[in-house]
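Asks: Below is the file start_1.tsv, which contains TSV, N, CA and C atoms.
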```
chain	number	residue	atom	x	y	z
A	27	ASP	N	-118.33	290.30	109.06
A	27	ASP	CA	-117.06	290.00	108.43
A	27	ASP	C	-115.98	289.78	109.49
A	28	VAL	N	-115.03	288.92	109.16
A	28	VAL	CA	-113.88	288.73	110.02
A	28	VAL	C	-112.67	289.36	109.33
A	29	LEU	N	-111.94	290.21	110.05
A	29	LEU	CA	-110.77	290.89	109.51
A	29	LEU	C	-109.52	290.45	110.25
A	30	GLU	N	-108.39	290.46	109.54
A	30	GLU	CA	-107.11	290.22	110.19
A	30	GLU	C	-106.57	291.56	110.68
A	31	PHE	N	-106.27	291.62	111.96
A	31	PHE	CA	-105.85	292.85	112.64
A	31	PHE	C	-104.39	292.71	113.00
A	32	HIS	N	-103.53	293.60	112.48
A	32	HIS	CA	-102.10	293.59	112.77
A	32	HIS	C	-101.84	294.38	114.04
A	33	VAL	N	-101.37	293.69	115.06
A	33	VAL	CA	-101.18	294.29	116.38
A	33	VAL	C	-99.85	295.05	116.41
A	34	ALA	N	-99.90	296.30	116.87
A	34	ALA	CA	-98.71	297.14	116.95
A	34	ALA	C	-97.89	296.76	118.18
A	35	HIS	N	-96.64	297.25	118.22
A	35	HIS	CA	-95.78	297.04	119.38
A	35	HIS	C	-96.40	297.64	120.63
A	36	GLN	N	-96.04	297.13	121.77
A	36	GLN	CA	-96.56	297.55	123.07
A	36	GLN	C	-96.44	299.06	123.29
A	37	GLU	N	-95.39	299.70	122.76
A	37	GLU	CA	-95.17	301.13	122.99
A	37	GLU	C	-96.27	302.00	122.41
A	38	ASN	N	-96.91	301.53	121.34
A	38	ASN	CA	-97.95	302.34	120.71
A	38	ASN	C	-99.02	301.42	120.13
A	39	MET	N	-99.77	300.79	121.02
A	39	MET	CA	-100.82	299.85	120.60
A	39	MET	C	-101.88	300.51	119.74
A	40	GLY	N	-102.01	301.83	119.83
A	40	GLY	CA	-103.00	302.56	119.04
A	40	GLY	C	-102.71	302.52	117.55
A	41	MET	N	-101.55	302.07	117.15
A	41	MET	CA	-101.21	301.97	115.73
A	41	MET	C	-101.64	300.62	115.13
A	42	SER	N	-102.27	299.76	115.92
A	42	SER	CA	-102.76	298.49	115.38
A	42	SER	C	-103.74	298.79	114.25
A	43	SER	N	-103.74	297.92	113.23
A	43	SER	CA	-104.49	298.23	112.01
A	43	SER	C	-104.82	296.97	111.23
A	44	ILE	N	-105.75	297.10	110.29
A	44	ILE	CA	-106.00	295.98	109.36
A	44	ILE	C	-104.96	295.95	108.25
A	45	PHE	N	-104.09	296.97	108.22
A	45	PHE	CA	-103.02	297.03	107.23
A	45	PHE	C	-101.67	296.74	107.88
A	46	ARG	N	-100.79	296.13	107.13
A	46	ARG	CA	-99.41	295.92	107.62
A	46	ARG	C	-98.75	297.29	107.70
A	47	HIS	N	-97.84	297.45	108.68
A	47	HIS	CA	-97.21	298.75	108.88
A	47	HIS	C	-95.91	298.60	109.65
A	48	ASP	N	-95.16	299.70	109.77
A	48	ASP	CA	-93.84	299.70	110.41
A	48	ASP	C	-93.86	299.34	111.88
A	49	THR	N	-94.92	299.68	112.59
A	49	THR	CA	-94.92	299.51	114.04
A	49	THR	C	-95.58	298.22	114.50
A	50	GLU	N	-95.89	297.31	113.57
A	50	GLU	CA	-96.57	296.09	114.01
A	50	GLU	C	-95.61	295.15	114.73
A	51	SER	N	-96.18	294.35	115.62
A	51	SER	CA	-95.40	293.44	116.46
A	51	SER	C	-95.16	292.10	115.79
A	52	GLY	N	-95.85	291.83	114.69
A	52	GLY	CA	-95.78	290.51	114.07
A	52	GLY	C	-96.95	289.63	114.47
A	53	LYS	N	-97.70	290.06	115.48
A	53	LYS	CA	-98.87	289.32	115.93
A	53	LYS	C	-100.10	289.79	115.15
A	54	THR	N	-100.99	288.88	114.91
A	54	THR	CA	-102.27	289.23	114.29
A	54	THR	C	-103.40	288.62	115.11
A	55	GLU	N	-104.55	289.22	114.99
A	55	GLU	CA	-105.76	288.74	115.64
A	55	GLU	C	-106.87	288.72	114.59
A	56	GLN	N	-107.75	287.77	114.69
A	56	GLN	CA	-108.95	287.75	113.86
A	56	GLN	C	-110.02	288.51	114.64
A	57	VAL	N	-110.61	289.53	114.03
A	57	VAL	CA	-111.61	290.34	114.72
A	57	VAL	C	-112.91	290.39	113.91
A	58	GLN	N	-114.01	290.41	114.62
A	58	GLN	CA	-115.33	290.53	114.00
A	58	GLN	C	-115.58	292.00	113.69
A	59	ALA	N	-116.06	292.32	112.52
A	59	ALA	CA	-116.33	293.71	112.14
A	59	ALA	C	-117.75	293.81	111.57
A	60	VAL	N	-118.36	294.96	111.80
A	60	VAL	CA	-119.69	295.25	111.26
A	60	VAL	C	-119.69	296.70	110.82
A	61	SER	N	-120.40	297.00	109.73
A	61	SER	CA	-120.48	298.39	109.28
A	61	SER	C	-121.36	299.19	110.25
A	62	LEU	N	-121.13	300.49	110.28
A	62	LEU	CA	-121.95	301.34	111.14
A	62	LEU	C	-123.42	301.30	110.68
A	63	ASP	N	-123.65	301.33	109.37
A	63	ASP	CA	-125.02	301.28	108.87
A	63	ASP	C	-125.73	300.02	109.37
A	64	GLU	N	-125.04	298.88	109.32
A	64	GLU	CA	-125.63	297.63	109.78
A	64	GLU	C	-125.88	297.68	111.30
A	65	TYR	N	-124.93	298.19	112.05
A	65	TYR	CA	-125.06	298.28	113.50
A	65	TYR	C	-126.23	299.20	113.88
A	66	VAL	N	-126.32	300.35	113.25
A	66	VAL	CA	-127.40	301.30	113.52
A	66	VAL	C	-128.75	300.65	113.27
A	67	SER	N	-128.85	299.90	112.18
A	67	SER	CA	-130.10	299.22	111.85
A	67	SER	C	-130.42	298.14	112.89
A	68	GLN	N	-129.44	297.32	113.21
A	68	GLN	CA	-129.65	296.22	114.18
A	68	GLN	C	-130.05	296.74	115.55
A	69	MET	N	-129.45	297.85	115.97
A	69	MET	CA	-129.67	298.36	117.32
A	69	MET	C	-130.81	299.38	117.41
A	70	GLY	N	-131.40	299.73	116.28
A	70	GLY	CA	-132.52	300.68	116.29
A	70	GLY	C	-132.11	302.09	116.70
A	71	ILE	N	-130.90	302.47	116.38
A	71	ILE	CA	-130.40	303.81	116.72
A	71	ILE	C	-131.14	304.85	115.89
A	72	THR	N	-131.56	305.94	116.54
A	72	THR	CA	-132.36	306.95	115.84
A	72	THR	C	-131.69	308.32	115.77
A	73	GLN	N	-130.50	308.46	116.35
A	73	GLN	CA	-129.80	309.75	116.28
A	73	GLN	C	-128.30	309.51	116.44
A	74	ILE	N	-127.53	310.19	115.60
A	74	ILE	CA	-126.07	310.20	115.72
A	74	ILE	C	-125.64	311.64	115.52
A	75	ASP	N	-124.96	312.22	116.51
A	75	ASP	CA	-124.55	313.62	116.44
A	75	ASP	C	-123.08	313.78	116.06
A	76	PHE	N	-122.25	312.83	116.47
A	76	PHE	CA	-120.80	312.98	116.34
A	76	PHE	C	-120.16	311.61	116.18
A	77	ILE	N	-119.19	311.50	115.28
A	77	ILE	CA	-118.43	310.26	115.09
A	77	ILE	C	-116.95	310.62	115.07
A	78	LYS	N	-116.16	309.92	115.89
A	78	LYS	CA	-114.70	310.06	115.93
A	78	LYS	C	-114.12	308.85	115.24
A	79	ILE	N	-113.25	309.08	114.25
A	79	ILE	CA	-112.62	307.99	113.50
A	79	ILE	C	-111.11	308.13	113.62
A	80	ASP	N	-110.48	307.11	114.18
A	80	ASP	CA	-109.02	307.03	114.31
A	80	ASP	C	-108.67	305.57	114.14
A	81	ILE	N	-108.60	305.12	112.88
A	81	ILE	CA	-108.50	303.69	112.62
A	81	ILE	C	-107.35	303.32	111.68
A	82	GLU	N	-106.30	304.10	111.72
A	82	GLU	CA	-105.01	303.76	111.11
A	82	GLU	C	-105.09	303.22	109.69
A	83	GLY	N	-105.72	303.98	108.81
A	83	GLY	CA	-105.69	303.65	107.39
A	83	GLY	C	-106.96	303.04	106.84
A	84	ALA	N	-107.90	302.65	107.68
A	84	ALA	CA	-109.13	302.01	107.21
A	84	ALA	C	-110.29	303.00	107.09
A	85	GLU	N	-109.99	304.29	107.08
A	85	GLU	CA	-111.03	305.31	107.08
A	85	GLU	C	-112.00	305.17	105.90
A	86	ILE	N	-111.48	304.90	104.73
A	86	ILE	CA	-112.34	304.82	103.54
A	86	ILE	C	-113.36	303.70	103.68
A	87	TYR	N	-112.93	302.58	104.27
A	87	TYR	CA	-113.84	301.44	104.44
A	87	TYR	C	-114.91	301.76	105.48
A	88	ALA	N	-114.53	302.43	106.54
A	88	ALA	CA	-115.50	302.83	107.55
A	88	ALA	C	-116.53	303.79	106.94
A	89	LEU	N	-116.04	304.77	106.18
A	89	LEU	CA	-116.96	305.74	105.56
A	89	LEU	C	-117.92	305.06	104.60
A	90	LYS	N	-117.42	304.13	103.81
A	90	LYS	CA	-118.30	303.41	102.87
A	90	LYS	C	-119.35	302.59	103.62
A	91	GLY	N	-119.05	302.19	104.84
A	91	GLY	CA	-119.99	301.42	105.65
A	91	GLY	C	-120.92	302.27	106.48
A	92	MET	N	-120.85	303.58	106.33
A	92	MET	CA	-121.74	304.46	107.09
A	92	MET	C	-122.43	305.49	106.22
A	93	ILE	N	-122.42	305.30	104.91
A	93	ILE	CA	-123.00	306.28	103.97
A	93	ILE	C	-124.45	306.60	104.33
A	94	GLU	N	-125.26	305.57	104.57
A	94	GLU	CA	-126.68	305.83	104.87
A	94	GLU	C	-126.84	306.56	106.20
A	95	SER	N	-126.03	306.22	107.18
A	95	SER	CA	-126.10	306.92	108.47
A	95	SER	C	-125.68	308.37	108.33
A	96	LEU	N	-124.67	308.63	107.50
A	96	LEU	CA	-124.23	310.01	107.26
A	96	LEU	C	-125.33	310.80	106.56
A	97	ARG	N	-125.97	310.19	105.58
A	97	ARG	CA	-127.06	310.88	104.87
A	97	ARG	C	-128.23	311.18	105.79
A	98	LYS	N	-128.60	310.20	106.60
A	98	LYS	CA	-129.79	310.32	107.43
A	98	LYS	C	-129.58	311.22	108.65
A	99	TYR	N	-128.48	311.03	109.38
A	99	TYR	CA	-128.29	311.70	110.67
A	99	TYR	C	-127.38	312.93	110.60
A	100	LYS	N	-126.58	313.04	109.55
A	100	LYS	CA	-125.68	314.18	109.34
A	100	LYS	C	-124.82	314.51	110.58
A	101	PRO	N	-124.12	313.51	111.11
A	101	PRO	CA	-123.27	313.80	112.28
A	101	PRO	C	-122.02	314.59	111.87
A	102	ILE	N	-121.47	315.30	112.83
A	102	ILE	CA	-120.14	315.90	112.65
A	102	ILE	C	-119.13	314.77	112.76
A	103	LEU	N	-118.10	314.79	111.94
A	103	LEU	CA	-117.06	313.77	111.97
A	103	LEU	C	-115.73	314.39	112.38
A	104	MET	N	-115.03	313.73	113.27
A	104	MET	CA	-113.66	314.09	113.59
A	104	MET	C	-112.82	312.90	113.15
A	105	VAL	N	-111.88	313.15	112.23
A	105	VAL	CA	-111.13	312.06	111.62
A	105	VAL	C	-109.64	312.33	111.72
A	106	GLU	N	-108.91	311.35	112.26
A	106	GLU	CA	-107.45	311.43	112.22
A	106	GLU	C	-107.02	310.63	111.01
A	107	ILE	N	-106.29	311.28	110.11
A	107	ILE	CA	-105.80	310.63	108.90
A	107	ILE	C	-104.29	310.81	108.86
A	108	SER	N	-103.58	309.73	108.99
A	108	SER	CA	-102.12	309.79	109.01
A	108	SER	C	-101.55	309.54	107.63
A	109	GLU	N	-100.84	310.51	107.13
A	109	GLU	CA	-100.17	310.35	105.83
A	109	GLU	C	-99.14	309.23	105.88
A	110	ASP	N	-98.66	308.88	107.09
A	110	ASP	CA	-97.70	307.78	107.24
A	110	ASP	C	-98.34	306.44	106.94
A	111	VAL	N	-99.62	306.31	107.22
A	111	VAL	CA	-100.31	305.03	107.07
A	111	VAL	C	-100.86	304.85	105.66
A	112	LEU	N	-101.23	305.94	104.99
A	112	LEU	CA	-101.87	305.84	103.68
A	112	LEU	C	-101.09	305.05	102.64
A	113	PRO	N	-99.74	305.09	102.61
A	113	PRO	CA	-99.04	304.27	101.62
A	113	PRO	C	-99.31	302.77	101.74
A	114	ASN	N	-99.75	302.31	102.90
A	114	ASN	CA	-100.07	300.90	103.09
A	114	ASN	C	-101.46	300.54	102.59
A	115	THR	N	-102.23	301.55	102.18
A	115	THR	CA	-103.61	301.35	101.74
A	115	THR	C	-103.69	301.53	100.23
A	116	ASP	N	-104.90	301.42	99.70
A	116	ASP	CA	-105.08	301.61	98.26
A	116	ASP	C	-105.88	302.89	97.96
A	117	PHE	N	-105.79	303.89	98.83
A	117	PHE	CA	-106.49	305.15	98.60
A	117	PHE	C	-105.65	306.31	99.09
A	118	GLN	N	-106.12	307.53	98.80
A	118	GLN	CA	-105.44	308.77	99.17
A	118	GLN	C	-106.37	309.63	100.02
A	119	MET	N	-105.81	310.63	100.65
A	119	MET	CA	-106.57	311.58	101.45
A	119	MET	C	-107.72	312.18	100.64
A	120	ASN	N	-107.47	312.49	99.39
A	120	ASN	CA	-108.50	313.09	98.53
A	120	ASN	C	-109.71	312.17	98.35
A	121	ASP	N	-109.49	310.85	98.41
A	121	ASP	CA	-110.60	309.90	98.27
A	121	ASP	C	-111.57	310.04	99.44
A	122	ILE	N	-111.03	310.25	100.64
A	122	ILE	CA	-111.86	310.43	101.83
A	122	ILE	C	-112.65	311.73	101.71
A	123	ALA	N	-111.97	312.81	101.38
A	123	ALA	CA	-112.63	314.11	101.23
A	123	ALA	C	-113.68	314.06	100.13
A	124	SER	N	-113.41	313.34	99.05
A	124	SER	CA	-114.34	313.25	97.93
A	124	SER	C	-115.66	312.59	98.35
A	125	ILE	N	-115.58	311.50	99.10
A	125	ILE	CA	-116.81	310.84	99.58
A	125	ILE	C	-117.62	311.81	100.42
A	126	LEU	N	-116.96	312.51	101.32
A	126	LEU	CA	-117.67	313.42	102.21
A	126	LEU	C	-118.16	314.67	101.49
A	127	ASN	N	-117.43	315.15	100.50
A	127	ASN	CA	-117.90	316.28	99.69
A	127	ASN	C	-119.19	315.92	98.97
A	128	GLU	N	-119.26	314.68	98.45
A	128	GLU	CA	-120.48	314.22	97.77
A	128	GLU	C	-121.67	314.20	98.71
A	129	LEU	N	-121.41	314.05	100.00
A	129	LEU	CA	-122.47	314.04	101.00
A	129	LEU	C	-122.70	315.43	101.60
A	130	ASN	N	-122.12	316.45	100.97
A	130	ASN	CA	-122.30	317.85	101.37
A	130	ASN	C	-121.63	318.19	102.71
A	131	TYR	N	-120.48	317.55	102.97
A	131	TYR	CA	-119.69	317.88	104.16
A	131	TYR	C	-118.58	318.84	103.76
A	132	SER	N	-118.28	319.79	104.64
A	132	SER	CA	-117.13	320.66	104.42
A	132	SER	C	-116.02	320.22	105.37
A	133	GLN	N	-114.79	320.43	104.93
A	133	GLN	CA	-113.62	319.95	105.67
A	133	GLN	C	-112.89	321.11	106.33
A	134	LYS	N	-112.53	320.90	107.58
A	134	LYS	CA	-111.73	321.86	108.35
A	134	LYS	C	-110.58	321.10	108.99
A	135	ALA	N	-109.51	321.80	109.27
A	135	ALA	CA	-108.41	321.21	110.04
A	135	ALA	C	-108.63	321.58	111.50
A	136	LEU	N	-108.02	320.82	112.40
A	136	LEU	CA	-108.08	321.12	113.82
A	136	LEU	C	-106.70	321.48	114.32
A	137	ASP	N	-106.60	322.56	115.11
A	137	ASP	CA	-105.30	322.88	115.69
A	137	ASP	C	-105.15	322.12	117.02
A	138	LYS	N	-104.01	322.29	117.68
A	138	LYS	CA	-103.73	321.53	118.91
A	138	LYS	C	-104.66	321.89	120.06
A	139	GLU	N	-105.30	323.04	119.99
A	139	GLU	CA	-106.26	323.44	121.03
A	139	GLU	C	-107.68	322.99	120.68
A	140	GLY	N	-107.86	322.37	119.53
A	140	GLY	CA	-109.17	321.90	119.12
A	140	GLY	C	-109.99	322.91	118.34
A	141	LYS	N	-109.37	324.03	117.97
A	141	LYS	CA	-110.08	325.04	117.17
A	141	LYS	C	-110.02	324.63	115.70
A	142	THR	N	-111.10	324.94	114.97
A	142	THR	CA	-111.12	324.62	113.54
A	142	THR	C	-110.36	325.67	112.75
A	143	LEU	N	-109.66	325.21	111.73
A	143	LEU	CA	-108.92	326.06	110.82
A	143	LEU	C	-109.42	325.80	109.41
A	144	GLU	N	-109.45	326.83	108.59
A	144	GLU	CA	-109.80	326.62	107.19
A	144	GLU	C	-108.69	325.78	106.54
A	145	MET	N	-109.08	324.93	105.63
A	145	MET	CA	-108.08	324.14	104.92
A	145	MET	C	-107.25	325.09	104.07
A	146	ALA	N	-105.96	324.97	104.18
A	146	ALA	CA	-105.07	325.87	103.45
A	146	ALA	C	-103.83	325.10	103.04
A	147	LYS	N	-103.18	325.60	102.03
A	147	LYS	CA	-101.98	324.95	101.54
A	147	LYS	C	-100.82	325.05	102.54
A	148	ASP	N	-100.95	325.93	103.53
A	148	ASP	CA	-99.85	326.10	104.47
A	148	ASP	C	-99.97	325.21	105.72
A	149	LEU	N	-100.90	324.23	105.71
A	149	LEU	CA	-100.91	323.27	106.80
A	149	LEU	C	-99.62	322.47	106.75
A	150	PRO	N	-99.09	322.08	107.91
A	150	PRO	CA	-97.85	321.31	107.89
A	150	PRO	C	-98.02	319.98	107.18
A	151	ASN	N	-96.94	319.48	106.60
A	151	ASN	CA	-96.98	318.14	106.00
A	151	ASN	C	-97.34	317.13	107.07
A	152	ASN	N	-97.95	316.04	106.66
A	152	ASN	CA	-98.29	314.97	107.56
A	152	ASN	C	-99.31	315.42	108.61
A	153	TYR	N	-100.18	316.36	108.25
A	153	TYR	CA	-101.20	316.85	109.16
A	153	TYR	C	-102.23	315.74	109.38
A	154	HIS	N	-102.76	315.62	110.59
A	154	HIS	CA	-103.57	314.46	110.93
A	154	HIS	C	-105.03	314.70	111.27
A	155	ASN	N	-105.38	315.81	111.84
A	155	ASN	CA	-106.70	315.96	112.46
A	155	ASN	C	-107.64	316.86	111.66
A	156	TYR	N	-108.80	316.30	111.32
A	156	TYR	CA	-109.77	317.01	110.50
A	156	TYR	C	-111.17	316.88	111.09
A	157	VAL	N	-111.99	317.88	110.83
A	157	VAL	CA	-113.40	317.84	111.17
A	157	VAL	C	-114.16	318.01	109.87
A	158	PHE	N	-115.19	317.20	109.70
A	158	PHE	CA	-116.06	317.30	108.54
A	158	PHE	C	-117.45	317.68	109.06
A	159	ILE	N	-117.94	318.81	108.56
A	159	ILE	CA	-119.19	319.39	109.07
A	159	ILE	C	-120.26	319.28	107.98
A	160	PRO	N	-121.43	318.71	108.34
A	160	PRO	CA	-122.48	318.56	107.33
A	160	PRO	C	-123.05	319.91	106.94
A	161	GLY	N	-123.36	320.04	105.66
A	161	GLY	CA	-123.99	321.27	105.18
A	161	GLY	C	-125.48	321.21	105.37
A	162	LYS	N	-126.13	322.30	105.12
A	162	LYS	CA	-127.60	322.34	105.18
A	162	LYS	C	-128.14	321.62	103.96
A	163	ALA	N	-129.16	320.81	104.19
A	163	ALA	CA	-129.74	320.08	103.06
A	163	ALA	C	-131.20	320.39	102.90
```
Rewrite the structure of this file - the entire thing - as structure tokens.
Replies:
Amino acid sequence: DVLEFHVAHQENMGMSSIFRHDTESGKTEQVQAVSLDEYVSQMGITQIDFIKIDIEGAEIYALKGMIESLRKYKPILMVEISEDVLPNTDFQMNDIASILNELNYSQKALDKEGKTLEMAKDLPNNYHNYVFIPGKA
């Protein structure tokens, strides 16, 4: 698939996204995209231990494209989810957690030192960093 990629301003290029957003420069690029499941199959990958996802609002699409890999390899996931970006998308944080819950993943928050925290109502608003740990199957 070819996606339109909205390039962020030079100060924070990491905010570039397939969604329009406040920090975009007005420039777009056409980029080739492939799902993780398709890539794993094409490349003959036989093990995945860990996946880091920081893709500025496209998390749900990435997860939907790796369902079989998540089922088969049960990697730990580290996901940055910005509440600032979600209004530009058509899903909510709960949608991401729901997909992973169905796959028997538990959700933890990460503190600034990288330690896992239990999910609690007292996490600060706009919290970004989560780890999803596969359960025993």
Asks: Would you kindly return, as a list in words, each protein, DNA or RNA residue with an atom no farther than 6 Å from any atom of range 122-136 of chain A, considering only N, CA and C atoms and excluding same-chain residues fewer than 2 positions away?
Replies: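 Returned residues: Ile86, Gln118, Met119, Asn120, Lys138, Gly140, Lys141, Thr142, Leu143, Glu144, Met145, Asn155, Tyr156, Val157, Phe158, Ile159, Pro160 and Gly161 of chain A.
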Asks: Mind dumping the selected residues with N, CA and C atoms as a compact mmCIF listing (two decimals), keeping the file's coordinate frame?
Replies:
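What ended up in result26.txt:
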```
# COMPACT_ATOMS: atom_id res chain seq x y z
N ILE A 86 -111.48 304.90 104.73
CA ILE A 86 -112.34 304.82 103.54
C ILE A 86 -113.36 303.70 103.68
N GLN A 118 -106.12 307.53 98.80
CA GLN A 118 -105.44 308.77 99.17
C GLN A 118 -106.37 309.63 100.02
N MET A 119 -105.81 310.63 100.65
CA MET A 119 -106.57 311.58 101.45
C MET A 119 -107.72 312.18 100.64
N ASN A 120 -107.47 312.49 99.39
CA ASN A 120 -108.50 313.09 98.53
C ASN A 120 -109.71 312.17 98.35
N LYS A 138 -104.01 322.29 117.68
CA LYS A 138 -103.73 321.53 118.91
C LYS A 138 -104.66 321.89 120.06
N GLY A 140 -107.86 322.37 119.53
CA GLY A 140 -109.17 321.90 119.12
C GLY A 140 -109.99 322.91 118.34
N LYS A 141 -109.37 324.03 117.97
CA LYS A 141 -110.08 325.04 117.17
C LYS A 141 -110.02 324.63 115.70
N THR A 142 -111.10 324.94 114.97
CA THR A 142 -111.12 324.62 113.54
C THR A 142 -110.36 325.67 112.75
N LEU A 143 -109.66 325.21 111.73
CA LEU A 143 -108.92 326.06 110.82
C LEU A 143 -109.42 325.80 109.41
N GLU A 144 -109.45 326.83 108.59
CA GLU A 144 -109.80 326.62 107.19
C GLU A 144 -108.69 325.78 106.54
N MET A 145 -109.08 324.93 105.63
CA MET A 145 -108.08 324.14 104.92
C MET A 145 -107.25 325.09 104.07
N ASN A 155 -105.38 315.81 111.84
CA ASN A 155 -106.70 315.96 112.46
C ASN A 155 -107.64 316.86 111.66
N TYR A 156 -108.80 316.30 111.32
CA TYR A 156 -109.77 317.01 110.50
C TYR A 156 -111.17 316.88 111.09
N VAL A 157 -111.99 317.88 110.83
CA VAL A 157 -113.40 317.84 111.17
C VAL A 157 -114.16 318.01 109.87
N PHE A 158 -115.19 317.20 109.70
CA PHE A 158 -116.06 317.30 108.54
C PHE A 158 -117.45 317.68 109.06
N ILE A 159 -117.94 318.81 108.56
CA ILE A 159 -119.19 319.39 109.07
C ILE A 159 -120.26 319.28 107.98
N PRO A 160 -121.43 318.71 108.34
CA PRO A 160 -122.48 318.56 107.33
C PRO A 160 -123.05 319.91 106.94
N GLY A 161 -123.36 320.04 105.66
CA GLY A 161 -123.99 321.27 105.18
C GLY A 161 -125.48 321.21 105.37
```
Asks: Measuring atom to atom with only N, CA and C atoms, identify which of A:Glu82, A:Asp75, A:Glu30, A:Ala88 is nearest to Pro101 in chain A.
Replies: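 Looking at the shortest contact to Pro101 in chain A, the residue is A:Asp75.
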Asks: Figure out the distance between atom N of Leu29 in chain A and atom N of Gly83 in chain A, please, to one decimal in Å.
Replies: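 Going from atom N of Gly83 in chain A over to atom N of Leu29 in chain A covers 15.2 Å.
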Asks: Using only C-alpha atoms, which of A:Val57, A:Ile102, A:Ser95, A:Val28 sits nearest Ile71 in chain A?
Replies: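 For Ile71 in chain A, the nearest of the candidates is A:Ser95.
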Asks: Considering only N, CA and C atoms, can you say which of A:Met92, A:Ser61, A:Gln56, A:Tyr99 comes closest to Gln73 in chain A?
Replies: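 Nearest to Gln73 in chain A: A:Tyr99.
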Asks: CA of Met104 in chain A and CA of Leu62 in chain A, how far apart in Å?
Replies: 15.4 Å
Asks: Quick one: pick out all helix (DSSP H, G or I) residues within range 54-162 of chain A from a backbone DSSP run and write them as an NGL selection string.
Replies: :A and (62-69 or 85-90 or 93-99 or 112-114 or 119-128)
Asks: Could you write out that same residue set with N, CA and C atoms as a short mmCIF file (atom, residue, chain, number, x, y, z; two decimals), keeping the file's coordinate frame?
Replies:
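See out.cif below for the written result:
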```
data_model
loop_
_atom_site.label_atom_id
_atom_site.label_comp_id
_atom_site.auth_asym_id
_atom_site.auth_seq_id
_atom_site.Cartn_x
_atom_site.Cartn_y
_atom_site.Cartn_z
N LEU A 62 -121.13 300.49 110.28
CA LEU A 62 -121.95 301.34 111.14
C LEU A 62 -123.42 301.30 110.68
N ASP A 63 -123.65 301.33 109.37
CA ASP A 63 -125.02 301.28 108.87
C ASP A 63 -125.73 300.02 109.37
N GLU A 64 -125.04 298.88 109.32
CA GLU A 64 -125.63 297.63 109.78
C GLU A 64 -125.88 297.68 111.30
N TYR A 65 -124.93 298.19 112.05
CA TYR A 65 -125.06 298.28 113.50
C TYR A 65 -126.23 299.20 113.88
N VAL A 66 -126.32 300.35 113.25
CA VAL A 66 -127.40 301.30 113.52
C VAL A 66 -128.75 300.65 113.27
N SER A 67 -128.85 299.90 112.18
CA SER A 67 -130.10 299.22 111.85
C SER A 67 -130.42 298.14 112.89
N GLN A 68 -129.44 297.32 113.21
CA GLN A 68 -129.65 296.22 114.18
C GLN A 68 -130.05 296.74 115.55
N MET A 69 -129.45 297.85 115.97
CA MET A 69 -129.67 298.36 117.32
C MET A 69 -130.81 299.38 117.41
N GLU A 85 -109.99 304.29 107.08
CA GLU A 85 -111.03 305.31 107.08
C GLU A 85 -112.00 305.17 105.90
N ILE A 86 -111.48 304.90 104.73
CA ILE A 86 -112.34 304.82 103.54
C ILE A 86 -113.36 303.70 103.68
N TYR A 87 -112.93 302.58 104.27
CA TYR A 87 -113.84 301.44 104.44
C TYR A 87 -114.91 301.76 105.48
N ALA A 88 -114.53 302.43 106.54
CA ALA A 88 -115.50 302.83 107.55
C ALA A 88 -116.53 303.79 106.94
N LEU A 89 -116.04 304.77 106.18
CA LEU A 89 -116.96 305.74 105.56
C LEU A 89 -117.92 305.06 104.60
N LYS A 90 -117.42 304.13 103.81
CA LYS A 90 -118.30 303.41 102.87
C LYS A 90 -119.35 302.59 103.62
N ILE A 93 -122.42 305.30 104.91
CA ILE A 93 -123.00 306.28 103.97
C ILE A 93 -124.45 306.60 104.33
N GLU A 94 -125.26 305.57 104.57
CA GLU A 94 -126.68 305.83 104.87
C GLU A 94 -126.84 306.56 106.20
N SER A 95 -126.03 306.22 107.18
CA SER A 95 -126.10 306.92 108.47
C SER A 95 -125.68 308.37 108.33
N LEU A 96 -124.67 308.63 107.50
CA LEU A 96 -124.23 310.01 107.26
C LEU A 96 -125.33 310.80 106.56
N ARG A 97 -125.97 310.19 105.58
CA ARG A 97 -127.06 310.88 104.87
C ARG A 97 -128.23 311.18 105.79
N LYS A 98 -128.60 310.20 106.60
CA LYS A 98 -129.79 310.32 107.43
C LYS A 98 -129.58 311.22 108.65
N TYR A 99 -128.48 311.03 109.38
CA TYR A 99 -128.29 311.70 110.67
C TYR A 99 -127.38 312.93 110.60
N LEU A 112 -101.23 305.94 104.99
CA LEU A 112 -101.87 305.84 103.68
C LEU A 112 -101.09 305.05 102.64
N PRO A 113 -99.74 305.09 102.61
CA PRO A 113 -99.04 304.27 101.62
C PRO A 113 -99.31 302.77 101.74
N ASN A 114 -99.75 302.31 102.90
CA ASN A 114 -100.07 300.90 103.09
C ASN A 114 -101.46 300.54 102.59
N MET A 119 -105.81 310.63 100.65
CA MET A 119 -106.57 311.58 101.45
C MET A 119 -107.72 312.18 100.64
N ASN A 120 -107.47 312.49 99.39
CA ASN A 120 -108.50 313.09 98.53
C ASN A 120 -109.71 312.17 98.35
N ASP A 121 -109.49 310.85 98.41
CA ASP A 121 -110.60 309.90 98.27
C ASP A 121 -111.57 310.04 99.44
N ILE A 122 -111.03 310.25 100.64
CA ILE A 122 -111.86 310.43 101.83
C ILE A 122 -112.65 311.73 101.71
N ALA A 123 -111.97 312.81 101.38
CA ALA A 123 -112.63 314.11 101.23
C ALA A 123 -113.68 314.06 100.13
N SER A 124 -113.41 313.34 99.05
CA SER A 124 -114.34 313.25 97.93
C SER A 124 -115.66 312.59 98.35
N ILE A 125 -115.58 311.50 99.10
CA ILE A 125 -116.81 310.84 99.58
C ILE A 125 -117.62 311.81 100.42
N LEU A 126 -116.96 312.51 101.32
CA LEU A 126 -117.67 313.42 102.21
C LEU A 126 -118.16 314.67 101.49
N ASN A 127 -117.43 315.15 100.50
CA ASN A 127 -117.90 316.28 99.69
C ASN A 127 -119.19 315.92 98.97
N GLU A 128 -119.26 314.68 98.45
CA GLU A 128 -120.48 314.22 97.77
C GLU A 128 -121.67 314.20 98.71
#
```
Asks: Mind pulling up the distance from CA of Lys53 in chain A to CA of Ile77 in chain A?
Replies: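 Computing it gives 28.7 Å between the two atoms.
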